[in-house]
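Before any comments, here is the structure.
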Amino acid sequence: MEKQSALDLDRDRQYCELCGKMENLLKCGRCRNSFYCSKEHQKQHWKKHKLICKEADKAQVSKQKHEHTQPCVDGKEQERPQQKIRAETADSSSSSGEVIKGFITNAEDAEVCDKPGEDGSNNAKPNGQTRSSPQKLAMEYIVPCMNKHGICVVDNFLGAETGVCILEDVKALHKTGRFTDGQLVSQKSDSTKDIRGDKITWIEGSEPGCEKIRFLMNRMDDLVRHCNAKLGNYTINGRTKGMVACYPGNGTGYVRHVDNPNGDGRCVTCIYYLNKDWDAKEHGGLLRIFPEGKAQFADIEPKFDRLLLFWSDRRNPHEVQPAYATRYAITVWYFDADERARAKEKYLTGTDEKGVKVELNKPSEPS
């Protein structure tokens, strides 16, 4: 039993070095320490990987030369796993661990509740109380919750009226035809649709008709600014543009992956959901996070006016389960100054929009 748990933990640490995918992996036959989901991704990553790839011990190579291996690109061999790594599904909670609780709060609550509900949420009602200030929310909830769980959720982040305005901006943007198929990290791939099924577009916030999206990103920046230097050991000095995403509701999702598997500088993933009357039992679309080294997972429903933050690196593999209704979200990734500087030296920042750094917006006026 212990051996099996150790094997599962070892598998949880295996990712495609290019896209972060965690299923059907092939092992580099030279260093035997890096994994890829396909020969295509290994070949695309070779320019960077060859700098750290070392020849395995000759005796080991000789012993395993003819066992479960096959030729691959660039003179290396790949080892195909004995079986496909199982991906947990929506009804697998009994076999894949317990649900993490206590990481959800309400922006309209005056105090952070100490006793979460059964679904991990805090059930205190606003009861006429004013909305928590960004500083209060950051210091009393987000910082301690992120440092404890690596995940935190804020419900009723901006309020229903503002949330509806942002949703209208997003729907209008969707109708313009600007959304394209989501891409993997910084690479285009013929297999992309098998891995993720969303349509996306990137927004700075200065575009006509995106004023409310800009307001949202300003408020995200306010929160992160108050958290800065207190989230782990990170010094956040910028972020990506906003990625507006839509799953069209045809049963598509996004397989288990890591946002930042290669140390590209992104340290915090921040997602805002825009889906009114969402029912996970009927509509699916859960974001399931598998914190590294834990037998627990976190299920996040993409509820309207909900803000989610989590570490972007290998500590938080996650998946979007198939969505059967139109599912909207806006995602921003925040950069750690030191990691991004190292990534730029190693050319790991990428060439697509995820690699473009923009400055945090100026502090918002008090509302």
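Just remember, in the structure tokens the first chain shown is A, the second B, etc., residues are 1-based per chain, and ligands are 1-based in the order shown.
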Legend entry - Selection: 9 Å around range 313-329 of chain A, only C-alpha atoms, excl. self and same-chain fewer than 5 positions, as a ChimeraX atom specification: /A:12-13,15,20,22,89-90,150-151,167,170-171,196-197,243-263,266-268,271-275,278,280,282-293,302
Inset, instruction - Extract the full set of strand (DSSP E or B) residues from range 254-303 of chain A according to DSSP on the backbone, and format it as a PyMOL selection string. - result: chain A and resi 254-257+266-273+275+284+287-289+297-300+303
Inset, instruction - Work out how far apart CA of Asn361 in chain A and CA of Asn218 in chain A are and give it in Å to one decimal. - result: 5.8 Å
Inset, instruction - Give the helix (DSSP H, G or I) residues of range 178-312 of chain A, as DSSP finds them on the backbone, and put them as a PyMOL selection string. - result: chain A and resi 192-195+211-227+280-283
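The interatomic distance for the pair CA of Trp333 in chain A and CA of Cys270 in chain A works out to 6.1 Å.
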Considering only C-alpha atoms, return as an mmCIF file with N, CA, C and O atoms, in the first residue's frame whatever protein or nucleic-acid residues lie within 9 Å of range 208-211 of chain A, sequence-local ones (same chain, fewer than 5 positions apart) excluded.
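Everything below was put into selection28.cif:
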```cif
data_model
loop_
_atom_site.group_PDB
_atom_site.id
_atom_site.type_symbol
_atom_site.label_atom_id
_atom_site.label_comp_id
_atom_site.auth_asym_id
_atom_site.auth_seq_id
_atom_site.Cartn_x
_atom_site.Cartn_y
_atom_site.Cartn_z
ATOM 1 N N ILE A 166 -19.410 43.466 -16.346
ATOM 2 C CA ILE A 166 -18.230 42.778 -16.895
ATOM 3 C C ILE A 166 -18.676 41.656 -17.828
ATOM 4 O O ILE A 166 -18.117 41.476 -18.921
ATOM 5 N N ASP A 169 -19.645 43.023 -21.154
ATOM 6 C CA ASP A 169 -18.447 43.326 -21.952
ATOM 7 C C ASP A 169 -17.900 42.061 -22.602
ATOM 8 O O ASP A 169 -17.515 42.065 -23.787
ATOM 9 N N VAL A 170 -17.832 40.976 -21.824
ATOM 10 C CA VAL A 170 -17.265 39.721 -22.326
ATOM 11 C C VAL A 170 -18.143 39.125 -23.420
ATOM 12 O O VAL A 170 -17.639 38.667 -24.465
ATOM 13 N N ALA A 172 -20.179 40.717 -25.405
ATOM 14 C CA ALA A 172 -20.046 41.560 -26.598
ATOM 15 C C ALA A 172 -18.728 41.276 -27.309
ATOM 16 O O ALA A 172 -18.664 41.218 -28.541
ATOM 17 N N LEU A 173 -17.674 41.083 -26.524
ATOM 18 C CA LEU A 173 -16.364 40.753 -27.092
ATOM 19 C C LEU A 173 -16.422 39.415 -27.823
ATOM 20 O O LEU A 173 -15.844 39.245 -28.902
ATOM 21 N N ILE A 203 -6.693 40.715 -23.519
ATOM 22 C CA ILE A 203 -7.191 42.076 -23.372
ATOM 23 C C ILE A 203 -6.278 42.880 -22.445
ATOM 24 O O ILE A 203 -5.913 42.414 -21.360
ATOM 25 N N LEU A 216 -12.049 45.407 -13.527
ATOM 26 C CA LEU A 216 -11.771 44.149 -12.839
ATOM 27 C C LEU A 216 -10.272 43.956 -12.632
ATOM 28 O O LEU A 216 -9.824 43.619 -11.523
#
```
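Restricting the calculation to only C-alpha atoms, the smallest distance between Arg131 in chain A and any of A:Gln296, A:Asn147, A:Asn228, A:Asn106 is found for A:Asn106.
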Inset, instruction - Calculate how many Å separate CA of Lys21 in chain A from CA of Ser312 in chain A, rounding to one decimal. - result: 14.0 Å
